[in-house]
file protein_18.tsv (TSV, C-alpha atoms (C1' of nucleotides))
chain	number	residue	atom	x	y	z
A	1	MET	CA	8.88	13.19	-2.78
A	2	PRO	CA	9.43	10.09	-4.78
A	3	GLU	CA	9.69	10.82	-8.47
A	4	LEU	CA	10.23	8.30	-11.26
A	5	PRO	CA	13.85	7.38	-10.32
A	6	GLU	CA	13.01	6.74	-6.66
A	7	VAL	CA	10.06	4.52	-7.59
A	8	GLU	CA	12.22	2.67	-10.10
A	9	VAL	CA	14.84	1.97	-7.44
A	10	ILE	CA	12.14	0.66	-5.10
A	11	LYS	CA	10.73	-1.48	-7.90
A	12	GLN	CA	14.12	-3.04	-8.67
A	13	SER	CA	14.73	-3.77	-5.02
A	14	LEU	CA	11.32	-5.33	-4.44
A	15	ASP	CA	11.74	-7.42	-7.56
A	16	LYS	CA	14.59	-9.28	-5.91
A	17	LYS	CA	12.72	-9.96	-2.69
A	18	ILE	CA	9.00	-10.53	-3.14
A	19	LYS	CA	8.46	-11.49	-6.78
A	20	PHE	CA	6.55	-14.80	-7.00
A	21	GLN	CA	5.71	-14.56	-3.31
A	22	LYS	CA	2.23	-15.08	-1.93
A	23	ILE	CA	0.48	-12.49	0.20
A	24	ASN	CA	-0.41	-14.45	3.33
A	25	LYS	CA	-2.17	-11.66	5.15
A	26	VAL	CA	-2.86	-7.94	4.95
A	27	LEU	CA	-3.24	-5.56	7.85
A	28	VAL	CA	-4.75	-2.10	7.38
A	29	ARG	CA	-4.23	0.29	10.27
A	30	ASN	CA	-5.52	3.42	8.58
A	31	ARG	CA	-7.85	3.39	5.59
A	32	ASN	CA	-7.84	7.14	5.10
A	33	LEU	CA	-5.20	7.50	2.43
A	34	ARG	CA	-5.82	9.80	-0.52
A	35	LEU	CA	-8.15	7.09	-1.74
A	36	LYS	CA	-10.03	5.19	0.95
A	37	VAL	CA	-8.79	1.62	1.38
A	38	PRO	CA	-11.96	-0.46	0.88
A	39	LYS	CA	-13.32	-2.79	3.57
A	40	ASN	CA	-12.80	-5.97	1.53
A	41	PHE	CA	-9.17	-5.05	0.73
A	42	GLU	CA	-7.55	-7.50	3.14
A	43	LEU	CA	-9.72	-10.44	2.20
A	44	PHE	CA	-9.39	-9.77	-1.51
A	45	LEU	CA	-5.59	-9.83	-1.42
A	46	LYS	CA	-5.20	-12.81	0.86
A	47	ASN	CA	-3.41	-15.68	-0.89
A	48	LYS	CA	-2.85	-13.69	-4.08
A	49	LYS	CA	0.55	-14.23	-5.63
A	50	ILE	CA	2.75	-11.45	-7.00
A	51	ASN	CA	3.60	-12.54	-10.52
A	52	LYS	CA	5.33	-9.39	-11.66
A	53	ILE	CA	6.37	-6.00	-10.33
A	54	SER	CA	6.52	-3.07	-12.69
A	55	ARG	CA	6.47	0.70	-12.66
A	56	LYS	CA	4.66	3.32	-14.69
A	57	SER	CA	5.82	6.90	-14.08
A	58	LYS	CA	5.53	7.28	-10.29
A	59	TYR	CA	3.26	4.26	-9.80
A	60	LEU	CA	4.31	0.84	-8.56
A	61	ILE	CA	2.31	-1.99	-10.11
A	62	PHE	CA	1.98	-5.51	-8.73
A	63	ASN	CA	0.56	-8.05	-11.17
A	64	LEU	CA	-1.40	-10.51	-9.06
A	65	SER	CA	-3.07	-13.80	-9.81
A	66	ASN	CA	-6.44	-13.77	-11.62
A	67	ASP	CA	-5.77	-10.71	-13.81
A	68	THR	CA	-5.79	-8.30	-10.89
A	69	PHE	CA	-3.41	-5.48	-10.14
A	70	LEU	CA	-2.34	-3.61	-7.05
A	71	ILE	CA	-1.06	-0.11	-7.65
A	72	ILE	CA	0.76	2.03	-5.14
A	73	HIS	CA	1.41	5.74	-5.40
A	74	LEU	CA	3.70	7.19	-2.74
A	75	GLY	CA	2.36	10.72	-2.93
A	76	MET	CA	5.03	12.92	-1.51
A	77	SER	CA	5.84	11.33	1.81
A	78	GLY	CA	5.09	7.67	1.16
A	79	THR	CA	7.80	5.09	1.80
A	80	ILE	CA	8.00	1.34	1.52
A	81	HIS	CA	9.81	-0.83	4.03
A	82	LEU	CA	10.62	-4.47	3.71
A	83	VAL	CA	11.23	-6.08	7.07
A	84	SER	CA	12.62	-9.57	7.36
A	85	ASN	CA	10.54	-11.97	9.46
A	86	ARG	CA	13.64	-13.73	10.67
A	87	ASN	CA	14.74	-11.05	13.11
A	88	ASN	CA	12.10	-8.97	14.72
A	89	ASN	CA	14.65	-6.88	16.52
A	90	ASN	CA	15.34	-4.84	13.37
A	91	THR	CA	18.92	-5.95	12.93
A	92	ASN	CA	19.63	-7.02	9.39
A	93	THR	CA	16.36	-5.51	8.25
A	94	SER	CA	15.74	-4.82	4.62
A	95	PHE	CA	13.91	-1.63	3.91
A	96	TYR	CA	13.26	0.81	1.14
A	97	GLY	CA	12.50	4.47	1.48
A	98	SER	CA	14.00	5.10	4.87
A	99	LEU	CA	17.01	4.05	6.86
A	100	ASN	CA	14.85	3.14	9.83
A	101	LEU	CA	11.34	1.80	10.12
A	102	PRO	CA	9.25	4.64	11.54
A	103	THR	CA	7.04	3.97	14.51
A	104	LYS	CA	4.15	6.11	13.26
A	105	HIS	CA	2.09	6.08	10.06
A	106	ASN	CA	2.67	2.47	9.09
A	107	HIS	CA	-0.77	2.32	7.50
A	108	VAL	CA	-0.75	-0.96	5.59
A	109	VAL	CA	1.26	-4.15	6.12
A	110	PHE	CA	1.51	-7.03	3.63
A	111	PHE	CA	2.74	-10.29	5.12
A	112	PHE	CA	4.86	-12.68	3.06
A	113	LYS	CA	6.65	-15.84	4.05
A	114	LYS	CA	9.98	-14.11	4.59
A	115	TYR	CA	9.07	-10.43	4.71
A	116	GLN	CA	6.61	-7.82	5.78
A	117	LEU	CA	6.07	-5.04	3.28
A	118	ILE	CA	5.05	-1.88	5.13
A	119	TYR	CA	3.46	1.14	3.54
A	120	ASN	CA	4.26	4.26	5.56
A	121	ASP	CA	2.96	7.70	4.68
A	122	PRO	CA	2.82	10.58	7.20
A	123	ARG	CA	0.97	12.98	4.94
A	124	ARG	CA	-1.26	10.36	3.39
A	125	PHE	CA	-1.10	11.92	-0.09
A	126	GLY	CA	-0.36	8.49	-1.49
A	127	PHE	CA	-2.78	5.64	-2.10
A	128	ILE	CA	-3.10	1.92	-2.71
A	129	LYS	CA	-5.66	0.70	-5.19
A	130	ILE	CA	-6.84	-2.62	-6.57
A	131	ILE	CA	-7.62	-2.71	-10.28
A	132	LYS	CA	-9.57	-5.70	-11.44
A	133	ASN	CA	-8.46	-6.40	-14.98
A	134	LYS	CA	-6.02	-5.33	-17.66
A	135	LYS	CA	-8.53	-3.14	-19.49
A	136	ASN	CA	-9.22	-1.14	-16.34
A	137	LEU	CA	-5.49	-0.85	-15.77
A	138	GLU	CA	-5.00	0.54	-19.26
A	139	PHE	CA	-7.89	2.92	-18.73
A	140	PHE	CA	-6.33	4.12	-15.49
A	141	PHE	CA	-3.00	4.86	-17.15
A	142	ASN	CA	-4.58	6.36	-20.27
A	143	LYS	CA	-4.88	9.67	-18.47
A	144	ILE	CA	-1.14	9.81	-17.98
A	145	GLY	CA	1.32	11.12	-20.55
A	146	PRO	CA	4.46	9.33	-21.77
A	147	GLU	CA	7.50	8.97	-19.57
A	148	PRO	CA	10.63	10.86	-20.62
A	149	LEU	CA	12.32	7.49	-21.11
A	150	ASN	CA	9.54	6.28	-23.43
A	151	LYS	CA	9.86	6.34	-27.22
A	152	LYS	CA	6.62	8.32	-27.40
A	153	PHE	CA	8.34	11.30	-25.80
A	154	LYS	CA	9.47	12.61	-29.18
A	155	THR	CA	10.54	16.10	-30.19
A	156	ARG	CA	7.55	16.25	-32.53
A	157	TYR	CA	5.16	15.27	-29.73
A	158	ILE	CA	6.54	18.02	-27.50
A	159	CYS	CA	6.51	20.67	-30.24
A	160	ASN	CA	2.89	19.86	-31.10
A	161	TYR	CA	1.87	19.84	-27.46
A	162	PHE	CA	3.42	23.25	-26.84
A	163	LYS	CA	1.74	24.99	-29.79
A	164	GLY	CA	-0.28	27.92	-28.47
A	165	LYS	CA	0.45	27.03	-24.85
A	166	LYS	CA	1.11	30.08	-22.69
A	167	LYS	CA	1.93	28.15	-19.55
A	168	CYS	CA	5.58	28.09	-18.51
A	169	ILE	CA	7.88	25.17	-19.22
A	170	LYS	CA	8.40	24.33	-15.54
A	171	SER	CA	4.66	23.78	-15.09
A	172	PHE	CA	4.59	21.49	-18.11
A	173	LEU	CA	7.40	19.33	-16.77
A	174	LEU	CA	5.25	18.80	-13.67
A	175	ASP	CA	2.10	18.18	-15.71
A	176	GLN	CA	1.70	14.39	-15.68
A	177	LYS	CA	-0.72	14.53	-18.63
A	178	PHE	CA	2.05	15.96	-20.78
A	179	VAL	CA	4.98	13.95	-19.43
A	180	SER	CA	4.85	11.61	-16.47
A	181	GLY	CA	7.39	10.83	-13.80
A	182	ILE	CA	9.09	14.19	-13.29
A	183	GLY	CA	8.50	15.94	-9.97
A	184	ASN	CA	9.52	19.25	-8.50
A	185	ILE	CA	13.16	18.42	-7.83
A	186	TYR	CA	14.13	17.00	-11.20
A	187	ALA	CA	12.14	19.65	-13.09
A	188	SER	CA	14.50	22.36	-11.83
A	189	GLU	CA	17.54	20.20	-12.50
A	190	ILE	CA	16.46	19.39	-16.07
A	191	LEU	CA	15.93	23.05	-16.94
A	192	HIS	CA	19.30	24.01	-15.53
A	193	TYR	CA	21.03	21.43	-17.70
A	194	SER	CA	18.97	22.65	-20.64
A	195	LYS	CA	19.97	26.27	-19.84
A	196	ILE	CA	16.38	27.41	-20.07
A	197	LYS	CA	14.69	29.62	-17.49
A	198	PRO	CA	11.72	27.84	-15.83
A	199	PHE	CA	9.21	30.64	-16.45
A	200	ARG	CA	9.69	30.69	-20.22
A	201	GLN	CA	6.42	30.15	-22.07
A	202	ALA	CA	6.18	26.73	-23.68
A	203	LYS	CA	5.03	28.06	-27.06
A	204	LYS	CA	8.06	30.33	-27.33
A	205	LEU	CA	10.66	27.59	-27.01
A	206	SER	CA	12.71	26.83	-30.12
A	207	LYS	CA	13.04	23.34	-31.55
A	208	ILE	CA	16.64	23.21	-30.37
A	209	GLU	CA	15.57	24.11	-26.83
A	210	ILE	CA	12.87	21.45	-26.91
A	211	LYS	CA	15.44	18.89	-28.00
A	212	LYS	CA	17.61	19.89	-25.06
A	213	ILE	CA	14.71	19.49	-22.64
A	214	LYS	CA	13.96	16.05	-24.04
A	215	TYR	CA	17.61	15.00	-23.90
A	216	PHE	CA	18.26	16.25	-20.37
A	217	SER	CA	14.99	14.87	-19.03
A	218	GLN	CA	16.27	11.44	-19.98
A	219	PHE	CA	19.80	12.22	-18.84
A	220	VAL	CA	18.79	13.43	-15.37
A	221	LEU	CA	16.33	10.61	-14.69
A	222	ASN	CA	18.73	7.92	-15.88
A	223	LYS	CA	21.54	9.32	-13.80
A	224	ALA	CA	19.28	9.51	-10.75
A	225	ILE	CA	18.25	5.88	-11.19
A	226	GLN	CA	21.92	4.90	-11.44
A	227	LYS	CA	22.65	6.79	-8.25
A	228	GLY	CA	19.81	5.08	-6.43
A	229	GLY	CA	17.49	8.09	-6.28
A	230	SER	CA	17.61	11.16	-4.10
A	231	ALA	CA	17.58	11.41	-0.34
A	232	ILE	CA	15.66	14.58	0.29
A	233	ARG	CA	13.61	15.22	3.39
A	234	ASP	CA	11.02	12.46	3.32
A	235	PHE	CA	12.84	10.17	0.95
A	236	LYS	CA	15.90	8.25	1.99
A	237	ASN	CA	17.49	5.56	-0.06
A	238	VAL	CA	18.58	2.11	0.93
A	239	LYS	CA	22.01	2.57	-0.57
A	240	GLY	CA	23.02	5.05	2.07
A	241	LYS	CA	23.86	8.71	2.23
A	242	ASN	CA	27.02	8.81	0.19
A	243	ASP	CA	25.69	7.37	-3.00
A	244	ASN	CA	22.61	9.11	-4.21
A	245	TYR	CA	21.55	11.79	-6.61
A	246	GLN	CA	21.16	14.42	-3.93
A	247	ASN	CA	24.87	15.10	-4.17
A	248	GLU	CA	24.41	15.81	-7.86
A	249	PHE	CA	21.91	18.65	-7.48
A	250	LYS	CA	22.99	21.69	-9.46
A	251	VAL	CA	20.20	24.03	-8.38
A	252	TYR	CA	17.67	22.36	-6.10
A	253	GLN	CA	17.87	23.89	-2.60
A	254	ARG	CA	20.98	25.85	-3.58
A	255	GLU	CA	19.45	29.32	-3.30
A	256	ASN	CA	22.06	32.13	-3.27
A	257	LEU	CA	24.91	29.72	-3.94
A	258	ASN	CA	27.14	30.00	-6.99
A	259	CYS	CA	26.16	28.31	-10.21
A	260	LEU	CA	28.24	25.18	-10.70
A	261	ASN	CA	28.60	25.53	-14.46
A	262	LYS	CA	32.10	26.24	-15.73
A	263	PHE	CA	32.67	29.88	-16.67
A	264	CYS	CA	29.33	30.90	-15.19
A	265	TYR	CA	29.42	33.46	-12.39
A	266	GLY	CA	25.69	33.47	-11.78
A	267	LYS	CA	23.85	32.79	-8.56
A	268	ILE	CA	21.08	30.27	-7.98
A	269	LYS	CA	17.75	31.96	-7.42
A	270	LYS	CA	14.49	30.65	-6.02
A	271	LYS	CA	11.10	31.54	-7.37
A	272	ILE	CA	7.66	30.12	-6.64
A	273	ILE	CA	6.04	28.82	-9.82
A	274	SER	CA	2.53	27.41	-9.53
A	275	LYS	CA	2.93	27.05	-5.79
A	276	ARG	CA	6.16	25.07	-6.06
A	277	SER	CA	9.63	26.31	-5.24
A	278	THR	CA	11.73	26.50	-8.36
A	279	PHE	CA	15.50	26.93	-8.55
A	280	PHE	CA	17.49	28.31	-11.47
A	281	CYS	CA	20.65	30.20	-12.36
A	282	ASN	CA	19.99	33.85	-13.13
A	283	SER	CA	22.89	33.97	-15.55
A	284	CYS	CA	23.38	30.85	-17.68
A	285	GLN	CA	19.73	29.87	-18.08
A	286	ASN	CA	18.15	31.91	-20.88
B	1	DA	C1'	-9.84	24.36	-23.81
B	2	DA	C1'	-6.46	26.25	-20.98
B	3	DG	C1'	-4.76	27.84	-16.89
B	4	DA	C1'	-4.95	29.46	-12.16
B	5	DG	C1'	-5.73	28.36	-7.61
B	6	DG	C1'	-7.58	25.50	-3.62
B	7	DC	C1'	-7.37	21.48	-1.08
B	8	DC	C1'	-5.94	17.19	1.18
B	9	DC	C1'	-2.09	16.12	5.28
B	10	DT	C1'	1.76	16.07	9.01
B	11	DG	C1'	6.30	17.31	10.53
B	12	DA	C1'	10.16	20.37	10.65
B	13	DT	C1'	11.49	24.78	11.45
B	14	DA	C1'	11.23	29.81	12.26
B	15	DG	C1'	9.72	33.55	14.97
B	16	DC	C1'	7.79	35.60	18.98
C	1	DT	C1'	9.08	26.90	27.08
C	2	DG	C1'	5.27	26.73	24.22
C	3	DC	C1'	2.54	28.71	21.12
C	4	DT	C1'	1.40	29.94	16.12
C	5	DA	C1'	2.74	30.58	11.27
C	6	DT	C1'	4.91	28.91	7.31
C	7	DC	C1'	6.67	25.72	4.17
C	8	DA	C1'	7.27	21.29	1.89
C	9	DG	C1'	4.91	18.85	-2.22
C	10	DG	C1'	1.57	15.26	-6.08
C	11	DG	C1'	-2.49	15.13	-8.06
C	12	DC	C1'	-7.24	16.02	-8.35
C	13	DC	C1'	-10.85	19.24	-8.21
C	14	DT	C1'	-13.39	23.55	-9.22
C	15	DC	C1'	-13.82	27.97	-11.17
C	16	DT	C1'	-13.14	31.38	-14.66

call {"tool": "encode", "arguments": {"input": "protein_18.tsv", "output": "structure tokens"}}
result
Amino acid sequence: MPELPEVEVIKQSLDKKIKFQKINKVLVRNRNLRLKVPKNFELFLKNKKINKISRKSKYLIFNLSNDTFLIIHLGMSGTIHLVSNRNNNNTNTSFYGSLNLPTKHNHVVFFFKKYQLIYNDPRRFGFIKIIKNKKNLEFFFNKIGPEPLNKKFKTRYICNYFKGKKKCIKSFLLDQKFVSGIGNIYASEILHYSKIKPFRQAKKLSKIEIKKIKYFSQFVLNKAIQKGGSAIRDFKNVKGKNDNYQNEFKVYQRENLNCLNKFCYGKIKKKIISKRSTFFCNSCQN
DNA sequence: AAGAGGCCCTGATAGC
DNA sequence: TGCTATCAGGGCCTCT
């Protein structure tokens, strides 16, 4: 379940390896991703150069030659692997998203001079899409709200957005139209830091509480990026098991364990909110 | 308009 | 052992 930090880590890693490289060839093994990979996909990308790699919320963006863009969304089980062409026996292989290249579900392969970039996605909730000019790109991202790390994510913006909204705060943190980049794991973590119960109604939050949510959204995401993302179930990070944000989880998947906050004797509870498991402390979150 | 719920999908795990 | 049920989750869609 790659959220903003995981995608950022992938972006930074890819930047070092395939920026300014030319796509020599594309192989599509399975077109049935969340969006169908079009028939002319391979031909269209052939010989296009990657001029820039960026990220917007959970989307990876490749700026290609001729004002075209390739965007990749990893859904919840998508991973990206970068395999060196020099050794086909998988020793000294560079990869992102998993410690080993899976044998199944390698749906799309991009061939570069030195590397193969492999898009793997068992559940196929992710997609790869070509966008043909900057205006269309802007239109595509218009539907998406600001990132927590963006200047637009202001206390005033949040307060205004929450006016009259009965939906709970946890649901809003997952609502990409309101704020983009937070997924189910970090939403629980952010609310625990903020000491706010996930099922509180958005409109009933005080300004101070909203400031806390804003602050800890940034805090948690930044810390996760620093740690190289989280290695949970489908997502494993290139930096290895000992250095990732998973070890920092205060509530996620800690049901019935003690709250880690000093002087708090509460227990972590699990509750399903809008079909997603949500973790919180029954004592120190108000 | 806002919000609730369904759906897409496969793999891991639990229970019988 | 082998079957079925359940859960995991992001985002888009439909319905009220």

call {"tool": "interface_residues", "arguments": {"input": "protein_18.tsv", "of": "chain A", "to": "chain B", "cutoff": "9 Å", "atoms": "only C-alpha atoms (C1' of nucleotides)", "output": "ChimeraX atom specification"}}
result
/A:34,122-125,165-167,274-275

call {"tool": "write_last_selection", "arguments": {"input": "protein_18.tsv", "atoms": "C-alpha atoms", "output": "JSON list (two decimals), in the coordinates of the input"}}
result
[["chain", "number", "residue", "atom", "x", "y", "z"],
["A", 34, "ARG", "CA", -5.82, 9.80, -0.52],
["A", 122, "PRO", "CA", 2.82, 10.58, 7.20],
["A", 123, "ARG", "CA", 0.97, 12.98, 4.94],
["A", 124, "ARG", "CA", -1.26, 10.36, 3.39],
["A", 125, "PHE", "CA", -1.10, 11.92, -0.09],
["A", 165, "LYS", "CA", 0.45, 27.03, -24.85],
["A", 166, "LYS", "CA", 1.11, 30.08, -22.69],
["A", 167, "LYS", "CA", 1.93, 28.15, -19.55],
["A", 274, "SER", "CA", 2.53, 27.41, -9.53],
["A", 275, "LYS", "CA", 2.93, 27.05, -5.79]]

call {"tool": "atom_distance", "arguments": {"input": "protein_18.tsv", "atom1": "atom CA of A:Phe62", "atom2": "atom CA of A:Ile50"}}
result
6.2 Å

call {"tool": "interface_residues", "arguments": {"input": "protein_18.tsv", "of": "chain A", "to": "chain C", "cutoff": "8 Å", "atoms": "all atoms listed in the file", "output": "list in words"}}
result
Met1, Gly75, Met76, Phe125, Gly183, Asn184 and Arg276 of chain A

call {"tool": "closest_residue", "arguments": {"input": "protein_18.tsv", "among": "A:Ile71, A:Ile53, A:Leu43, A:Leu27", "to": "A:Asp15", "atoms": "all atoms listed in the file"}}
result
A:Ile53

call {"tool": "atom_distance", "arguments": {"input": "protein_18.tsv", "atom1": "atom CA of A:Ile130", "atom2": "atom CA of A:Lys143"}}
result
17.2 Å

call {"tool": "decode", "arguments": {"input": "protein_18.tsv", "residues": "chain B", "atoms": "N, CA and C atoms (P, O5', C5', C4', C3', O3' and C1' of nucleotides)", "output": "PDB file, in the first residue's frame"}}
result
ATOM      1  P    DA B   1     -23.268  20.318  -6.496  1.00  0.00           P
ATOM      2  O5'  DA B   1     -22.905  20.177  -4.960  1.00  0.00           O
ATOM      3  C5'  DA B   1     -23.179  21.212  -4.053  1.00  0.00           C
ATOM      4  C4'  DA B   1     -23.274  20.638  -2.662  1.00  0.00           C
ATOM      5  C3'  DA B   1     -22.034  19.854  -2.253  1.00  0.00           C
ATOM      6  O3'  DA B   1     -21.747  20.151  -0.897  1.00  0.00           O
ATOM      7  C1'  DA B   1     -23.938  18.433  -2.191  1.00  0.00           C
ATOM      8  P    DA B   2     -20.437  19.620  -0.255  1.00  0.00           P
ATOM      9  O5'  DA B   2     -20.945  18.330   0.539  1.00  0.00           O
ATOM     10  C5'  DA B   2     -21.966  18.474   1.507  1.00  0.00           C
ATOM     11  C4'  DA B   2     -22.347  17.118   2.030  1.00  0.00           C
ATOM     12  C3'  DA B   2     -21.163  16.241   2.437  1.00  0.00           C
ATOM     13  O3'  DA B   2     -21.437  15.728   3.724  1.00  0.00           O
ATOM     14  C1'  DA B   2     -22.573  15.066   0.940  1.00  0.00           C
ATOM     15  P    DG B   3     -20.314  15.057   4.554  1.00  0.00           P
ATOM     16  O5'  DG B   3     -20.728  13.526   4.430  1.00  0.00           O
ATOM     17  C5'  DG B   3     -22.017  13.133   4.861  1.00  0.00           C
ATOM     18  C4'  DG B   3     -22.321  11.766   4.350  1.00  0.00           C
ATOM     19  C3'  DG B   3     -21.226  10.715   4.590  1.00  0.00           C
ATOM     20  O3'  DG B   3     -21.841   9.567   5.116  1.00  0.00           O
ATOM     21  C1'  DG B   3     -21.938  10.629   2.379  1.00  0.00           C
ATOM     22  P    DA B   4     -21.077   8.635   6.080  1.00  0.00           P
ATOM     23  O5'  DA B   4     -21.805   7.257   5.788  1.00  0.00           O
ATOM     24  C5'  DA B   4     -23.194   7.237   5.430  1.00  0.00           C
ATOM     25  C4'  DA B   4     -23.438   6.154   4.405  1.00  0.00           C
ATOM     26  C3'  DA B   4     -22.567   4.912   4.588  1.00  0.00           C
ATOM     27  O3'  DA B   4     -23.410   3.780   4.677  1.00  0.00           O
ATOM     28  C1'  DA B   4     -22.506   5.657   2.336  1.00  0.00           C
ATOM     29  P    DG B   5     -22.828   2.398   5.140  1.00  0.00           P
ATOM     30  O5'  DG B   5     -22.685   1.615   3.763  1.00  0.00           O
ATOM     31  C5'  DG B   5     -23.801   1.537   2.879  1.00  0.00           C
ATOM     32  C4'  DG B   5     -23.331   1.107   1.522  1.00  0.00           C
ATOM     33  C3'  DG B   5     -22.427  -0.132   1.518  1.00  0.00           C
ATOM     34  O3'  DG B   5     -23.043  -1.108   0.714  1.00  0.00           O
ATOM     35  C1'  DG B   5     -21.549   1.577   0.125  1.00  0.00           C
ATOM     36  P    DG B   6     -22.396  -2.549   0.534  1.00  0.00           P
ATOM     37  O5'  DG B   6     -21.986  -2.496  -1.007  1.00  0.00           O
ATOM     38  C5'  DG B   6     -22.957  -2.114  -1.987  1.00  0.00           C
ATOM     39  C4'  DG B   6     -22.334  -2.172  -3.366  1.00  0.00           C
ATOM     40  C3'  DG B   6     -21.498  -3.426  -3.625  1.00  0.00           C
ATOM     41  O3'  DG B   6     -21.756  -3.871  -4.950  1.00  0.00           O
ATOM     42  C1'  DG B   6     -20.150  -1.491  -3.902  1.00  0.00           C
ATOM     43  P    DC B   7     -21.277  -5.337  -5.379  1.00  0.00           P
ATOM     44  O5'  DC B   7     -19.991  -4.983  -6.233  1.00  0.00           O
ATOM     45  C5'  DC B   7     -20.087  -4.083  -7.340  1.00  0.00           C
ATOM     46  C4'  DC B   7     -18.706  -3.710  -7.787  1.00  0.00           C
ATOM     47  C3'  DC B   7     -17.740  -4.887  -7.863  1.00  0.00           C
ATOM     48  O3'  DC B   7     -17.435  -5.158  -9.216  1.00  0.00           O
ATOM     49  C1'  DC B   7     -16.725  -2.949  -6.874  1.00  0.00           C
ATOM     50  P    DC B   8     -16.954  -6.638  -9.599  1.00  0.00           P
ATOM     51  O5'  DC B   8     -15.418  -6.369  -9.923  1.00  0.00           O
ATOM     52  C5'  DC B   8     -15.063  -5.475 -10.972  1.00  0.00           C
ATOM     53  C4'  DC B   8     -13.672  -4.970 -10.757  1.00  0.00           C
ATOM     54  C3'  DC B   8     -12.664  -6.073 -10.466  1.00  0.00           C
ATOM     55  O3'  DC B   8     -12.071  -6.495 -11.687  1.00  0.00           O
ATOM     56  C1'  DC B   8     -12.333  -4.127  -9.072  1.00  0.00           C
ATOM     57  P    DC B   9     -11.869  -8.070 -11.886  1.00  0.00           P
ATOM     58  O5'  DC B   9     -10.637  -8.360 -10.933  1.00  0.00           O
ATOM     59  C5'  DC B   9      -9.382  -7.732 -11.211  1.00  0.00           C
ATOM     60  C4'  DC B   9      -8.437  -8.014 -10.078  1.00  0.00           C
ATOM     61  C3'  DC B   9      -8.375  -9.473  -9.689  1.00  0.00           C
ATOM     62  O3'  DC B   9      -7.372 -10.107 -10.462  1.00  0.00           O
ATOM     63  C1'  DC B   9      -8.329  -8.012  -7.776  1.00  0.00           C
ATOM     64  P    DT B  10      -7.190 -11.686 -10.407  1.00  0.00           P
ATOM     65  O5'  DT B  10      -6.199 -11.895  -9.178  1.00  0.00           O
ATOM     66  C5'  DT B  10      -4.900 -11.359  -9.235  1.00  0.00           C
ATOM     67  C4'  DT B  10      -4.230 -11.532  -7.900  1.00  0.00           C
ATOM     68  C3'  DT B  10      -4.002 -12.977  -7.493  1.00  0.00           C
ATOM     69  O3'  DT B  10      -2.632 -13.079  -7.153  1.00  0.00           O
ATOM     70  C1'  DT B  10      -5.107 -11.788  -5.744  1.00  0.00           C
ATOM     71  P    DG B  11      -1.962 -14.474  -6.827  1.00  0.00           P
ATOM     72  O5'  DG B  11      -1.681 -14.293  -5.283  1.00  0.00           O
ATOM     73  C5'  DG B  11      -0.973 -13.144  -4.848  1.00  0.00           C
ATOM     74  C4'  DG B  11      -0.937 -13.138  -3.341  1.00  0.00           C
ATOM     75  C3'  DG B  11      -0.587 -14.476  -2.715  1.00  0.00           C
ATOM     76  O3'  DG B  11       0.234 -14.198  -1.601  1.00  0.00           O
ATOM     77  C1'  DG B  11      -2.686 -13.785  -1.920  1.00  0.00           C
ATOM     78  P    DA B  12       1.053 -15.367  -0.904  1.00  0.00           P
ATOM     79  O5'  DA B  12       0.621 -15.175   0.615  1.00  0.00           O
ATOM     80  C5'  DA B  12       0.667 -13.882   1.184  1.00  0.00           C
ATOM     81  C4'  DA B  12      -0.166 -13.881   2.444  1.00  0.00           C
ATOM     82  C3'  DA B  12       0.061 -15.093   3.350  1.00  0.00           C
ATOM     83  O3'  DA B  12       0.262 -14.629   4.669  1.00  0.00           O
ATOM     84  C1'  DA B  12      -2.245 -14.844   2.871  1.00  0.00           C
ATOM     85  P    DT B  13       0.766 -15.651   5.808  1.00  0.00           P
ATOM     86  O5'  DT B  13      -0.592 -15.955   6.588  1.00  0.00           O
ATOM     87  C5'  DT B  13      -1.406 -14.864   6.999  1.00  0.00           C
ATOM     88  C4'  DT B  13      -2.786 -15.372   7.365  1.00  0.00           C
ATOM     89  C3'  DT B  13      -2.785 -16.614   8.271  1.00  0.00           C
ATOM     90  O3'  DT B  13      -3.461 -16.270   9.458  1.00  0.00           O
ATOM     91  C1'  DT B  13      -4.385 -16.776   6.547  1.00  0.00           C
ATOM     92  P    DA B  14      -3.427 -17.244  10.760  1.00  0.00           P
ATOM     93  O5'  DA B  14      -4.976 -17.495  11.001  1.00  0.00           O
ATOM     94  C5'  DA B  14      -5.905 -16.426  10.824  1.00  0.00           C
ATOM     95  C4'  DA B  14      -7.309 -16.994  10.723  1.00  0.00           C
ATOM     96  C3'  DA B  14      -7.591 -18.149  11.677  1.00  0.00           C
ATOM     97  O3'  DA B  14      -8.849 -17.930  12.274  1.00  0.00           O
ATOM     98  C1'  DA B  14      -8.051 -18.809   9.454  1.00  0.00           C
ATOM     99  P    DG B  15      -9.289 -18.820  13.555  1.00  0.00           P
ATOM    100  O5'  DG B  15     -10.309 -19.846  12.898  1.00  0.00           O
ATOM    101  C5'  DG B  15     -11.450 -19.352  12.183  1.00  0.00           C
ATOM    102  C4'  DG B  15     -12.124 -20.503  11.481  1.00  0.00           C
ATOM    103  C3'  DG B  15     -12.275 -21.763  12.330  1.00  0.00           C
ATOM    104  O3'  DG B  15     -13.629 -22.194  12.284  1.00  0.00           O
ATOM    105  C1'  DG B  15     -11.350 -22.292  10.223  1.00  0.00           C
ATOM    106  P    DC B  16     -14.178 -23.306  13.329  1.00  0.00           P
ATOM    107  O5'  DC B  16     -14.521 -24.533  12.386  1.00  0.00           O
ATOM    108  C5'  DC B  16     -15.480 -24.368  11.338  1.00  0.00           C
ATOM    109  C4'  DC B  16     -15.257 -25.426  10.300  1.00  0.00           C
ATOM    110  C3'  DC B  16     -15.367 -26.857  10.825  1.00  0.00           C
ATOM    111  O3'  DC B  16     -16.500 -27.499  10.241  1.00  0.00           O
ATOM    112  C1'  DC B  16     -13.523 -26.585   9.330  1.00  0.00           C
TER     113       DC B  16
END
